[in-house]
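Chemist: Mind looking over this structure? Questions follow.
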2 protein chains.
Amino acid sequence: MERVTLQTIADRVGVSRTTVSNAFSRPDQLKQELRQRIMEVAEELDYPGPNPAARTLRRGRAGVIGVVFTETLSYAFADSYAVGFLRGLSRVAEQSGTGLHLIGWPSPGVAEEVIGDAVVDGFCLFSPEAHPLVETVMRRRLPVVTVDHPYVPGVPFVGIEDRTAASEAATCLLELGHRRIAIIAAQPMAAQSPGRGPEPAWLDIDLVAGHRFGAGRARVAGYHDACLKAGLNWSDIPIYPTTNDREIARRAAARILDLDPRPTAVIAATDEIAFGVMDVAAQRGIDIPGELSVVGFDDVPASEPAGLTTVRQPITEKGTTAGRLLLEPAQDDPAPCVLMDHRLIVRRTTAPPA
Amino acid sequence: MERVTLQTIADRVGVSRTTVSNAFSRPDQLKQELRQRIMEVAEELDYPGPNPAARTLRRGRAGVIGVVFTETLSYAFADSYAVGFLRGLSRVAEQSGTGLHLIGWPSPGVAEEVIGDAVVDGFCLFSPEAHPLVETVMRRRLPVVTVDHPYVPGVPFVGIEDRTAASEAATCLLELGHRRIAIIAAQPMAAQSPGRGPEPAWLDIDLVAGHRFGAGRARVAGYHDACLKAGLNWSDIPIYPTTNDREIARRAAARILDLDPRPTAVIAATDEIAFGVMDVAAQRGIDIPGELSVVGFDDVPASEPAGLTTVRQPITEKGTTAGRLLLEPAQDDPAPCVLMDHRLIVRRTTAPPA
DNA sequence: AGTCGCTTCTGAATCAATTCAGAAATAGGG
DNA sequence: CCCTATTTCTGAATTGATTCAGAAGCGACT
């Protein structure tokens with residue numbers, strides 16, 4: 001049996017292809033009666049509706065935006081920060097009838113192909129750090145908005161002042177009187193040598209600056225700022241990188257809590273990591289905040305019930321903002337660069353050192 | 001400036017369009033030297049790569065599968081069950097270089113259009129209950145796998161034995177000796193009269209059966225089975241429907257805890273709802289499990305730390321299974337119908353009544 | 001009868017690639 | 001030098017719709 005197209009129906013009904021097209025896409029352009037007849041024949045032939053690829057090709061718009069993650073998608077779905085962002089983004093997208101095409105980075109090469117083949121009208125690039133996919137996305141020459149990283153002049157951007165915010169988190173602990181502090185940094189998986197540890201250069205503080213190196217490093221820079229200001233010696237402060245994964249973070253936490261003397265406070269670059277610290281502390285019977293203070297970053301939904309002191313950033317609002325930037329006309333001459341507010345939320349995981 | 005296409009490049013280099021196409025899609029079909037030259041010209045003209053819509057049209061495959069939710073997408077992203085499912089699905093999808101096109105149901109009509117326009121090779125229909133979108137998806141005549149609901153003969157299906165599992169959850173409480181039990185059912189938003197309460201018919205137990213009416217009702221049926229078997233009078237058991245939302249569930253929980261005499265146990269149709277119950281209990285100083293037992297359903301990630309007794313269903317495995325069913329050849333004569341295992345997990349929210 | 005204005009329908013061009021059979025060019029062997 | 005393979009490249013057909021200018025049909029008005 002032949003494939004059924006508009007033409008098949010047109011021949012059967014005895015009208016032109018155009019008319020059948022109109023029956024589906026512009027019902028007001030033909031008599032109800034004829035439309036009715038066309039629809040009946042379409043039904044009879046089991047026509048699945050106008051081919052979306054052909055339609056998109058001709059129309060020049062897909063009604064879909066691509067959302068590119070620089071990590072695995074399954075990793076993104078395990079990260080409440082990413083999920084919260086998607087919640088916001090999807091809200092504005094679906095209101096305007098726009099679909100979301102999610103693209104992850106399972107292994108070098110695969111995503112590049114998927115990005116090149118994505119039938120979309122624009123991209124939202126969700127990238128905490130520098131990443132090769134950025135270039136791949138840009139090459140499509142479609143509208144793009146970047147989230148968190150990188151800030152590219154001429155490309156709309158949504159982010160927060162990670163460095164400043166991070167220094168506030170650290171300052172909170174320092175002002176409570178903590179002096180033996182350890183840091184757990186959030187490092188993208190891509191920055192790590194496959195399977196093994198972090199790349200040492202990643203933590204080189206001299207290389208860390210503003211938005212140039214992404215949120216993970218900007219936060220480290222912020223911690224650095226605060227420690228310096230408090231008169232601490234940066235090289236005395238143990239700093240462990242880990243991925244943003246509760247399970248993995250526990251390993252870093254274990255090493256920190258093994259230190260002698262044990263730090264009185266831990267700064268975690270994300271809430272997820274902070275939870276890992278709290279897990280290990282609970283397991284070892286270390287009282288929080290009595291014996292150990294912990295501060296996180298992000299304020300994911302689980303942080304409130306957990307009583308975690310952290311820096312709140314407007315996660316879903318980042319999503320809605322990114323969506324609007326992408327979907328609304330917005331012919332601002334200078335591409336919009338939205339720096340959203342953050343705020344330190346003090347809860348129950350921080351107290352003065354014993 | 002004209003749009004740059006393969007032809008533009010072909011003219012400029014002085015070769016045929018076919019050759020330029022090969023340069024991008026089949027590098028082995030032409031001399032390295034020529035390919036090099038073509039790529040240089042492409043770069044020079046700022047060619048964004050072969051148009052995905054045209055490519056898809058000609059090739060007949062998109063490399064994308066559509067994931068259809070019968071609720072809002074932003075609602076789905078707030079639901080750890082849905083997110084867990086996506087985590088599993090995305091794992092197998094991205095391994096095979098397949099993108100995910102997410103489609104929600106913001107309001108009647110919008111999703112229908114998006115589904116009709118989706119450039120995809122198949123659909124995964126994630127639907128806890130009967131829903132008009134099912135028909136819309138089926139009409140595309142593409143491969144489909146349904147998750148949880150509905151079971152359509154000839155269409156691959158992934159689910160669990162909701163009714164049996166639910167009766168096990170209820171039995172757990174009954175065997176502990178509870179007799180004053182209340183139920184909070186999970187009702188899809190679509191089943192509710194807009195803005196107001198539930199549709200009464202939804203809870204009519206005589207209408208509830210197996211997979212015909214979706215997971216939410218199947219679970220109620222399971223609770224019913226267990227209560228009957230324990231000799232309770234079904235009409236004595238208060239049952240409140242709510243959406244699967246912690247915040248909304250709190251309202252139902254409040255009403256239940258207002259009852260006099262207060263139930264000694266609450267059966268929640270989902271973990272999210274159970275959390276709502278626990279929130280209200282905590283707020284009122286009602287001790288769990290001392291004064292109140294709670295059992296949930298799903299075993300979402302937050303349930304373990306919360307100590308919630310619940311029925312575990314393999315959430316991410318449902319996703320991977322659905323993905324495989326959709327992506328792998330699988331020319332089984334009878335369409336595969338995978339009923340996954342479930343298991344009651346007893347934790348710290350259940351105890352004998354005081 | 002002529003003309004104006006509508007509604008309804010059609011034809012041909014267009015969107016941007018891929019595909020496949022076959023032509024041209026090059027290389028290898030006798 | 002000729003014949004056969006092999007590599008490299010081309011032309012034309014194909015994919016399935018949308019679009020827009022314009023033709024046909026028809027009633028109303030002058």
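Within each chain, counting starts at residue 1; across the structure tokens, chains are named A, B, ... in the order shown, with ligands numbered 1 upward in that order.
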Both chains have the same sequence, so superpose chain A on chain B over all Cα atoms paired in order and return it as a short mmCIF file (atom, residue, chain, number, x, y, z; two decimals) with C-alpha atoms, in the first residue's frame.
Modeler:
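Full text of out32.cif as output:
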```
data_model
loop_
_atom_site.label_atom_id
_atom_site.label_comp_id
_atom_site.auth_asym_id
_atom_site.auth_seq_id
_atom_site.Cartn_x
_atom_site.Cartn_y
_atom_site.Cartn_z
CA MET A 1 21.74 38.47 1.69
CA GLU A 2 20.41 35.22 0.38
CA ARG A 3 19.98 32.18 2.53
CA VAL A 4 22.90 29.79 2.28
CA THR A 5 22.03 26.26 1.20
CA LEU A 6 23.91 23.33 -0.19
CA GLN A 7 23.36 24.80 -3.62
CA THR A 8 25.01 28.08 -2.70
CA ILE A 9 28.10 26.24 -1.67
CA ALA A 10 27.98 23.94 -4.67
CA ASP A 11 27.86 26.89 -7.06
CA ARG A 12 30.68 28.62 -5.31
CA VAL A 13 32.94 25.59 -5.30
CA GLY A 14 31.86 24.48 -8.74
CA VAL A 15 30.59 21.03 -7.87
CA SER A 16 27.15 19.48 -7.72
CA ARG A 17 24.81 19.80 -4.80
CA THR A 18 25.11 16.09 -4.22
CA THR A 19 28.81 16.37 -3.64
CA VAL A 20 28.36 19.04 -1.04
CA SER A 21 25.74 16.92 0.66
CA ASN A 22 28.20 14.07 0.74
CA ALA A 23 30.86 16.30 2.19
CA PHE A 24 28.64 16.73 5.22
CA SER A 25 26.89 13.41 5.49
CA ARG A 26 29.28 10.88 3.98
CA PRO A 27 32.82 12.12 4.15
CA ASP A 28 34.13 8.84 2.76
CA GLN A 29 32.44 9.43 -0.58
CA LEU A 30 34.78 12.14 -1.77
CA LYS A 31 38.43 13.05 -1.79
CA GLN A 32 39.70 14.61 1.38
CA GLU A 33 41.05 17.50 -0.59
CA LEU A 34 37.73 18.40 -2.15
CA ARG A 35 35.92 17.94 1.11
CA GLN A 36 38.37 20.28 2.72
CA ARG A 37 37.71 22.91 0.12
CA ILE A 38 33.95 22.55 0.47
CA MET A 39 34.18 22.90 4.21
CA GLU A 40 36.24 26.01 3.87
CA VAL A 41 33.72 27.63 1.58
CA ALA A 42 30.91 26.56 3.92
CA GLU A 43 32.71 28.22 6.77
CA GLU A 44 33.29 31.31 4.73
CA LEU A 45 29.62 31.58 3.80
CA ASP A 46 28.67 30.91 7.40
CA TYR A 47 26.62 27.89 6.44
CA PRO A 48 24.87 26.51 9.53
CA GLY A 49 24.91 22.91 8.33
CA PRO A 50 22.31 20.86 6.48
CA ASN A 51 18.80 21.96 7.31
CA PRO A 52 17.39 19.44 9.80
CA ALA A 53 13.82 19.69 8.60
CA ALA A 54 14.78 19.00 5.00
CA ARG A 55 17.04 16.21 6.07
CA THR A 56 14.37 14.63 8.21
CA LEU A 57 11.82 14.92 5.46
CA ARG A 58 14.00 13.11 3.01
CA ARG A 59 15.44 10.56 5.37
CA GLY A 60 12.14 9.72 6.93
CA ARG A 61 13.48 9.54 10.45
CA ALA A 62 13.94 12.24 13.03
CA GLY A 63 16.06 10.64 15.71
CA VAL A 64 13.69 11.98 18.34
CA ILE A 65 10.93 10.46 20.37
CA GLY A 66 8.03 12.40 21.78
CA VAL A 67 7.20 12.06 25.44
CA VAL A 68 3.65 13.06 26.12
CA PHE A 69 2.39 13.95 29.57
CA THR A 70 -1.28 14.29 30.22
CA GLU A 71 -0.61 17.05 32.73
CA THR A 72 1.25 20.31 32.52
CA LEU A 73 4.95 19.92 31.92
CA SER A 74 5.71 22.16 34.85
CA TYR A 75 3.58 19.83 36.95
CA ALA A 76 5.50 16.83 35.65
CA PHE A 77 8.80 18.44 36.61
CA ALA A 78 7.47 18.93 40.11
CA ASP A 79 6.62 15.24 40.39
CA SER A 80 9.56 13.05 41.37
CA TYR A 81 7.82 10.04 39.93
CA ALA A 82 7.66 11.63 36.49
CA VAL A 83 11.20 12.93 36.81
CA GLY A 84 12.47 9.50 37.82
CA PHE A 85 10.76 8.02 34.82
CA LEU A 86 12.38 10.60 32.57
CA ARG A 87 15.73 9.82 34.08
CA GLY A 88 15.38 6.22 33.02
CA LEU A 89 13.98 7.02 29.63
CA SER A 90 16.65 9.58 28.87
CA ARG A 91 19.35 7.11 29.76
CA VAL A 92 18.49 4.73 26.95
CA ALA A 93 17.49 7.50 24.58
CA GLU A 94 20.72 9.41 24.77
CA GLN A 95 22.78 6.28 24.51
CA SER A 96 21.35 5.71 21.08
CA GLY A 97 21.67 9.35 20.08
CA THR A 98 17.96 9.89 20.28
CA GLY A 99 16.56 13.20 21.46
CA LEU A 100 13.53 13.67 23.66
CA HIS A 101 10.71 15.94 22.69
CA LEU A 102 8.65 16.72 25.76
CA ILE A 103 5.02 17.63 25.37
CA GLY A 104 2.63 18.57 28.13
CA TRP A 105 -1.02 19.42 28.25
CA PRO A 106 -1.27 23.06 29.31
CA SER A 107 -4.83 23.49 28.11
CA PRO A 108 -7.17 21.68 25.75
CA GLY A 109 -6.19 22.19 22.15
CA VAL A 110 -2.63 23.36 22.50
CA ALA A 111 -1.04 19.97 23.02
CA GLU A 112 -3.06 18.47 20.19
CA GLU A 113 -1.43 20.88 17.81
CA VAL A 114 2.02 20.31 19.21
CA ILE A 115 1.58 16.56 18.91
CA GLY A 116 0.44 16.87 15.33
CA ASP A 117 3.47 19.00 14.53
CA ALA A 118 6.08 17.02 16.43
CA VAL A 119 8.90 15.81 14.25
CA VAL A 120 9.41 12.48 15.99
CA ASP A 121 9.75 8.79 15.24
CA GLY A 122 7.48 7.58 17.99
CA PHE A 123 5.75 8.49 21.20
CA CYS A 124 5.99 7.51 24.79
CA LEU A 125 2.69 8.23 26.43
CA PHE A 126 2.99 8.84 30.12
CA SER A 127 -0.52 8.85 31.37
CA PRO A 128 -1.77 7.79 34.76
CA GLU A 129 -5.38 8.01 33.68
CA ALA A 130 -7.67 8.04 30.70
CA HIS A 131 -7.13 11.19 28.69
CA PRO A 132 -8.11 12.71 25.35
CA LEU A 133 -4.48 13.06 24.32
CA VAL A 134 -4.26 9.30 23.99
CA GLU A 135 -6.39 9.42 20.89
CA THR A 136 -4.40 12.34 19.48
CA VAL A 137 -1.18 10.45 19.88
CA MET A 138 -2.54 7.27 18.35
CA ARG A 139 -3.74 9.10 15.28
CA ARG A 140 -0.19 9.88 14.28
CA ARG A 141 0.18 6.20 13.42
CA LEU A 142 3.69 6.08 14.83
CA PRO A 143 5.15 3.51 17.19
CA VAL A 144 3.84 4.14 20.68
CA VAL A 145 4.47 2.78 24.10
CA THR A 146 2.07 3.58 26.89
CA VAL A 147 3.16 3.85 30.49
CA ASP A 148 0.75 3.13 33.33
CA HIS A 149 -2.26 3.77 31.20
CA PRO A 150 -4.04 2.88 29.04
CA TYR A 151 -3.40 -0.68 28.08
CA VAL A 152 -4.39 -0.88 24.44
CA PRO A 153 -4.14 -4.27 22.77
CA GLY A 154 -1.46 -4.08 20.13
CA VAL A 155 0.37 -1.21 21.80
CA PRO A 156 3.41 -1.98 23.95
CA PHE A 157 2.74 -1.23 27.57
CA VAL A 158 4.76 -0.73 30.73
CA GLY A 159 3.18 -0.70 34.13
CA ILE A 160 2.77 -2.44 37.44
CA GLU A 161 -0.07 -4.24 39.12
CA ASP A 162 -1.39 -1.16 40.79
CA ARG A 163 -4.44 -2.82 42.24
CA THR A 164 -2.56 -5.69 43.83
CA ALA A 165 0.20 -3.43 45.06
CA ALA A 166 -2.27 -1.02 46.57
CA SER A 167 -4.05 -3.79 48.40
CA GLU A 168 -0.71 -4.83 49.89
CA ALA A 169 -0.17 -1.31 51.18
CA ALA A 170 -3.58 -1.30 52.81
CA THR A 171 -3.15 -4.82 54.16
CA CYS A 172 0.05 -3.75 55.88
CA LEU A 173 -1.93 -1.27 57.96
CA LEU A 174 -4.83 -3.62 58.52
CA GLU A 175 -2.57 -6.36 59.76
CA LEU A 176 -1.03 -3.96 62.23
CA GLY A 177 -4.51 -3.71 63.67
CA HIS A 178 -5.68 -0.39 62.28
CA ARG A 179 -9.42 -0.11 61.86
CA ARG A 180 -10.02 3.63 61.62
CA ILE A 181 -8.39 4.24 58.27
CA ALA A 182 -8.69 7.12 55.83
CA ILE A 183 -7.65 7.18 52.21
CA ILE A 184 -6.31 9.99 50.06
CA ALA A 185 -6.63 9.15 46.40
CA ALA A 186 -4.58 10.65 43.59
CA GLN A 187 -6.73 12.16 40.96
CA PRO A 188 -5.50 13.61 37.69
CA MET A 189 -6.13 17.29 37.34
CA ALA A 190 -8.07 16.64 34.21
CA ALA A 191 -10.62 14.57 36.08
CA GLN A 192 -11.52 17.51 38.22
CA SER A 193 -14.06 20.10 37.44
CA PRO A 194 -11.95 23.12 36.63
CA GLY A 195 -10.94 24.90 39.77
CA ARG A 196 -13.34 23.07 42.00
CA GLY A 197 -13.44 19.69 43.61
CA PRO A 198 -13.27 16.17 42.25
CA GLU A 199 -15.87 14.62 40.08
CA PRO A 200 -17.91 12.40 42.35
CA ALA A 201 -18.21 9.62 39.81
CA TRP A 202 -14.47 9.23 39.83
CA LEU A 203 -14.64 7.56 43.19
CA ASP A 204 -17.53 5.25 42.44
CA ILE A 205 -15.98 1.94 43.34
CA ASP A 206 -18.25 0.00 41.06
CA LEU A 207 -16.71 1.75 38.10
CA VAL A 208 -13.17 1.12 39.15
CA ALA A 209 -11.42 -1.85 37.62
CA GLY A 210 -7.96 -2.99 36.65
CA HIS A 211 -6.21 -0.98 34.05
CA ARG A 212 -9.33 0.28 32.49
CA PHE A 213 -9.39 3.40 34.54
CA GLY A 214 -5.78 4.11 35.22
CA ALA A 215 -3.46 3.87 38.12
CA GLY A 216 -5.21 6.30 40.45
CA ARG A 217 -8.44 4.41 40.41
CA ALA A 218 -6.81 1.00 40.31
CA ARG A 219 -5.13 1.87 43.58
CA VAL A 220 -8.42 2.81 45.14
CA ALA A 221 -9.76 -0.51 43.96
CA GLY A 222 -6.84 -2.23 45.66
CA TYR A 223 -7.50 -0.44 48.92
CA HIS A 224 -11.09 -1.48 48.57
CA ASP A 225 -10.13 -5.12 48.06
CA ALA A 226 -8.00 -5.16 51.18
CA CYS A 227 -10.57 -3.44 53.36
CA LEU A 228 -13.29 -5.81 52.29
CA LYS A 229 -11.10 -8.77 52.96
CA ALA A 230 -10.38 -7.41 56.44
CA GLY A 231 -14.08 -7.18 57.07
CA LEU A 232 -14.30 -3.40 57.06
CA ASN A 233 -17.29 -1.60 55.74
CA TRP A 234 -16.12 0.34 52.69
CA SER A 235 -18.70 3.05 53.12
CA ASP A 236 -17.35 3.80 56.57
CA ILE A 237 -13.94 4.65 55.22
CA PRO A 238 -13.40 8.32 54.48
CA ILE A 239 -11.78 8.83 51.14
CA TYR A 240 -10.56 12.15 49.80
CA PRO A 241 -9.23 12.73 46.34
CA THR A 242 -6.48 15.23 45.63
CA THR A 243 -3.94 15.91 42.96
CA ASN A 244 -0.46 14.53 43.31
CA ASP A 245 0.91 17.68 44.87
CA ARG A 246 2.31 18.04 48.34
CA GLU A 247 0.76 21.44 48.84
CA ILE A 248 -2.71 20.44 47.69
CA ALA A 249 -2.50 17.16 49.56
CA ARG A 250 -2.02 19.06 52.80
CA ARG A 251 -5.53 20.37 52.48
CA ALA A 252 -6.98 16.89 52.22
CA ALA A 253 -4.76 15.78 55.09
CA ALA A 254 -5.99 18.63 57.27
CA ARG A 255 -9.56 17.58 56.72
CA ILE A 256 -8.77 14.01 57.61
CA LEU A 257 -6.93 14.92 60.77
CA ASP A 258 -9.90 17.04 61.76
CA LEU A 259 -12.17 14.01 61.81
CA ASP A 260 -13.52 12.89 65.12
CA PRO A 261 -12.62 10.22 65.99
CA ARG A 262 -9.36 10.80 64.21
CA PRO A 263 -8.20 7.93 61.99
CA THR A 264 -5.23 5.99 63.30
CA ALA A 265 -3.86 5.48 59.82
CA VAL A 266 -3.84 7.20 56.47
CA ILE A 267 -3.32 5.51 53.13
CA ALA A 268 -1.91 7.91 50.58
CA ALA A 269 -2.08 6.96 46.93
CA THR A 270 1.32 8.49 46.28
CA ASP A 271 4.38 9.35 48.34
CA GLU A 272 4.01 12.99 47.49
CA ILE A 273 0.59 12.94 49.09
CA ALA A 274 1.98 11.03 52.06
CA PHE A 275 4.49 13.84 52.58
CA GLY A 276 1.60 16.27 52.68
CA VAL A 277 0.05 14.17 55.45
CA MET A 278 3.32 14.09 57.34
CA ASP A 279 3.66 17.86 57.00
CA VAL A 280 0.29 18.47 58.59
CA ALA A 281 0.89 15.88 61.31
CA ALA A 282 4.22 17.47 62.19
CA GLN A 283 2.64 20.87 62.25
CA ARG A 284 -0.02 19.69 64.68
CA GLY A 285 2.38 17.72 66.80
CA ILE A 286 0.81 14.39 65.94
CA ASP A 287 3.44 11.71 66.38
CA ILE A 288 4.15 9.37 63.49
CA PRO A 289 3.94 6.43 63.87
CA GLY A 290 2.90 6.70 67.54
CA GLU A 291 -0.42 8.37 66.97
CA LEU A 292 -0.74 8.05 63.23
CA SER A 293 0.50 5.56 60.66
CA VAL A 294 1.04 6.61 57.09
CA VAL A 295 1.69 4.52 54.03
CA GLY A 296 2.45 5.90 50.59
CA PHE A 297 3.02 4.57 47.10
CA ASP A 298 5.87 4.86 44.57
CA ASP A 299 8.99 5.04 46.74
CA VAL A 300 10.34 8.24 45.29
CA PRO A 301 13.90 9.21 46.26
CA ALA A 302 12.75 11.43 49.13
CA SER A 303 10.89 8.56 50.78
CA GLU A 304 13.91 6.78 52.12
CA PRO A 305 15.33 9.72 54.06
CA ALA A 306 11.81 10.49 55.25
CA GLY A 307 11.40 6.93 56.53
CA LEU A 308 8.12 6.52 54.71
CA THR A 309 6.56 3.07 54.51
CA THR A 310 5.52 2.67 50.92
CA VAL A 311 5.22 0.43 47.89
CA ARG A 312 8.30 0.49 45.77
CA GLN A 313 7.87 0.43 42.07
CA PRO A 314 10.90 0.49 39.79
CA ILE A 315 10.53 4.04 38.59
CA THR A 316 13.62 4.56 36.49
CA GLU A 317 13.41 1.01 35.18
CA LYS A 318 9.99 1.82 33.86
CA GLY A 319 11.68 4.57 31.89
CA THR A 320 14.46 2.41 30.53
CA THR A 321 12.01 -0.32 29.64
CA ALA A 322 9.72 2.07 27.84
CA GLY A 323 12.71 3.48 25.99
CA ARG A 324 13.90 0.09 24.89
CA LEU A 325 10.46 -0.96 23.76
CA LEU A 326 10.33 2.14 21.60
CA LEU A 327 13.86 2.17 20.28
CA GLU A 328 14.60 -1.45 19.73
CA PRO A 329 13.22 -3.36 16.77
CA ALA A 330 11.05 -5.75 18.80
CA GLN A 331 8.87 -7.40 16.23
CA ASP A 332 7.10 -9.57 18.76
CA ASP A 333 3.80 -10.65 17.36
CA PRO A 334 1.87 -9.86 20.46
CA ALA A 335 2.89 -6.37 21.52
CA PRO A 336 4.96 -6.62 24.67
CA CYS A 337 3.16 -5.82 27.90
CA VAL A 338 5.64 -5.45 30.70
CA LEU A 339 4.26 -5.64 34.20
CA MET A 340 7.08 -4.74 36.53
CA ASP A 341 7.59 -5.88 40.08
CA HIS A 342 6.56 -3.97 43.14
CA ARG A 343 7.38 -4.50 46.79
CA LEU A 344 6.14 -3.17 50.08
CA ILE A 345 8.92 -1.33 51.90
CA VAL A 346 8.22 -1.02 55.60
CA ARG A 347 10.01 1.92 57.20
CA ARG A 348 9.27 4.14 60.14
CA THR A 349 5.86 5.63 59.49
CA THR A 350 3.84 2.57 60.37
CA ALA A 351 3.15 0.95 63.74
CA PRO A 352 0.23 -0.69 65.52
CA PRO A 353 -2.46 1.75 66.64
CA ALA A 354 -1.99 3.18 70.14
#
```
Chemist: What parts of region 33-231 of chain B does DSSP call helix (DSSP H, G or I)? I'd like the answer as a ChimeraX atom specification.
Modeler: /B:33-45,52-59,73-77,80-95,110-117,133-139,162-176,189-191,200-203,205-207,210-229
Chemist: Write to file, as a CSV table (one decimal), in the first residue's frame, the residues of the selection just made, with C-alpha atoms.
Modeler:
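As written to disk, out-v6.csv reads:
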```
chain,number,residue,atom,x,y,z
B,33,GLU,CA,41.0,17.5,-0.5
B,34,LEU,CA,37.8,18.4,-2.1
B,35,ARG,CA,35.9,17.9,1.1
B,36,GLN,CA,38.4,20.3,2.8
B,37,ARG,CA,37.7,22.9,0.2
B,38,ILE,CA,34.0,22.5,0.5
B,39,MET,CA,34.2,22.9,4.2
B,40,GLU,CA,36.2,26.0,3.9
B,41,VAL,CA,33.7,27.6,1.7
B,42,ALA,CA,30.9,26.6,4.0
B,43,GLU,CA,32.7,28.2,6.8
B,44,GLU,CA,33.3,31.3,4.8
B,45,LEU,CA,29.7,31.6,3.9
B,52,PRO,CA,17.4,19.4,9.8
B,53,ALA,CA,13.8,19.7,8.5
B,54,ALA,CA,14.8,19.0,5.0
B,55,ARG,CA,17.0,16.2,6.0
B,56,THR,CA,14.4,14.6,8.2
B,57,LEU,CA,11.8,14.9,5.4
B,58,ARG,CA,14.0,13.1,3.0
B,59,ARG,CA,15.4,10.5,5.3
B,73,LEU,CA,4.9,19.9,31.9
B,74,SER,CA,5.7,22.1,34.8
B,75,TYR,CA,3.6,19.8,36.9
B,76,ALA,CA,5.5,16.8,35.6
B,77,PHE,CA,8.8,18.4,36.6
B,80,SER,CA,9.6,13.0,41.3
B,81,TYR,CA,7.8,10.0,39.9
B,82,ALA,CA,7.7,11.6,36.5
B,83,VAL,CA,11.2,12.9,36.8
B,84,GLY,CA,12.5,9.5,37.8
B,85,PHE,CA,10.8,8.0,34.8
B,86,LEU,CA,12.4,10.6,32.5
B,87,ARG,CA,15.7,9.8,34.1
B,88,GLY,CA,15.4,6.2,33.0
B,89,LEU,CA,14.0,7.0,29.6
B,90,SER,CA,16.6,9.6,28.8
B,91,ARG,CA,19.3,7.1,29.7
B,92,VAL,CA,18.5,4.7,26.9
B,93,ALA,CA,17.5,7.5,24.5
B,94,GLU,CA,20.7,9.4,24.7
B,95,GLN,CA,22.8,6.3,24.5
B,110,VAL,CA,-2.6,23.3,22.5
B,111,ALA,CA,-1.0,19.9,23.0
B,112,GLU,CA,-3.1,18.4,20.2
B,113,GLU,CA,-1.5,20.9,17.8
B,114,VAL,CA,2.0,20.3,19.2
B,115,ILE,CA,1.6,16.5,18.9
B,116,GLY,CA,0.4,16.9,15.3
B,117,ASP,CA,3.5,19.0,14.5
B,133,LEU,CA,-4.5,13.0,24.3
B,134,VAL,CA,-4.3,9.3,24.0
B,135,GLU,CA,-6.4,9.4,20.9
B,136,THR,CA,-4.4,12.3,19.4
B,137,VAL,CA,-1.2,10.4,19.8
B,138,MET,CA,-2.6,7.3,18.3
B,139,ARG,CA,-3.7,9.1,15.2
B,162,ASP,CA,-1.4,-1.1,40.8
B,163,ARG,CA,-4.4,-2.8,42.2
B,164,THR,CA,-2.5,-5.7,43.8
B,165,ALA,CA,0.2,-3.4,45.0
B,166,ALA,CA,-2.2,-1.0,46.6
B,167,SER,CA,-4.0,-3.8,48.4
B,168,GLU,CA,-0.7,-4.8,49.9
B,169,ALA,CA,-0.1,-1.3,51.2
B,170,ALA,CA,-3.6,-1.3,52.8
B,171,THR,CA,-3.1,-4.8,54.1
B,172,CYS,CA,0.1,-3.7,55.9
B,173,LEU,CA,-1.9,-1.3,58.0
B,174,LEU,CA,-4.8,-3.6,58.5
B,175,GLU,CA,-2.5,-6.3,59.8
B,176,LEU,CA,-1.0,-3.9,62.2
B,189,MET,CA,-6.2,17.3,37.4
B,190,ALA,CA,-8.1,16.7,34.2
B,191,ALA,CA,-10.7,14.6,36.1
B,200,PRO,CA,-17.9,12.4,42.4
B,201,ALA,CA,-18.2,9.6,39.8
B,202,TRP,CA,-14.5,9.2,39.9
B,203,LEU,CA,-14.7,7.6,43.2
B,205,ILE,CA,-16.0,2.0,43.4
B,206,ASP,CA,-18.3,0.0,41.1
B,207,LEU,CA,-16.7,1.8,38.1
B,210,GLY,CA,-8.0,-3.0,36.7
B,211,HIS,CA,-6.2,-1.0,34.1
B,212,ARG,CA,-9.3,0.3,32.5
B,213,PHE,CA,-9.4,3.4,34.6
B,214,GLY,CA,-5.8,4.1,35.2
B,215,ALA,CA,-3.4,3.9,38.1
B,216,GLY,CA,-5.2,6.3,40.4
B,217,ARG,CA,-8.4,4.4,40.4
B,218,ALA,CA,-6.8,1.0,40.3
B,219,ARG,CA,-5.1,1.9,43.6
B,220,VAL,CA,-8.4,2.8,45.1
B,221,ALA,CA,-9.7,-0.5,43.9
B,222,GLY,CA,-6.8,-2.2,45.6
B,223,TYR,CA,-7.5,-0.4,48.9
B,224,HIS,CA,-11.1,-1.5,48.6
B,225,ASP,CA,-10.1,-5.1,48.1
B,226,ALA,CA,-8.0,-5.1,51.2
B,227,CYS,CA,-10.5,-3.4,53.4
B,228,LEU,CA,-13.3,-5.8,52.3
B,229,LYS,CA,-11.1,-8.8,53.0
```
Chemist: Neighbouring residues of DA25 (chain C) were defined as those with any atom within 10 Å, considering only C-alpha atoms (C1' of nucleotides); residues of the same chain fewer than 4 positions away were excluded. Please report them as a PyMOL selection string.
Modeler: chain D and resi 7-9
Chemist: Dump as a PyMOL selection string the residues of chain D that approach chain B to within 12 Å, counting only C-alpha atoms (C1' of nucleotides).
Modeler: chain D and resi 7-12+14-17
Chemist: Give me, as a PyMOL selection string, the residues of chain C touching chain B, with the criterion being at most 9 Å (counting only C-alpha atoms (C1' of nucleotides)).
Modeler: chain C and resi 15-19
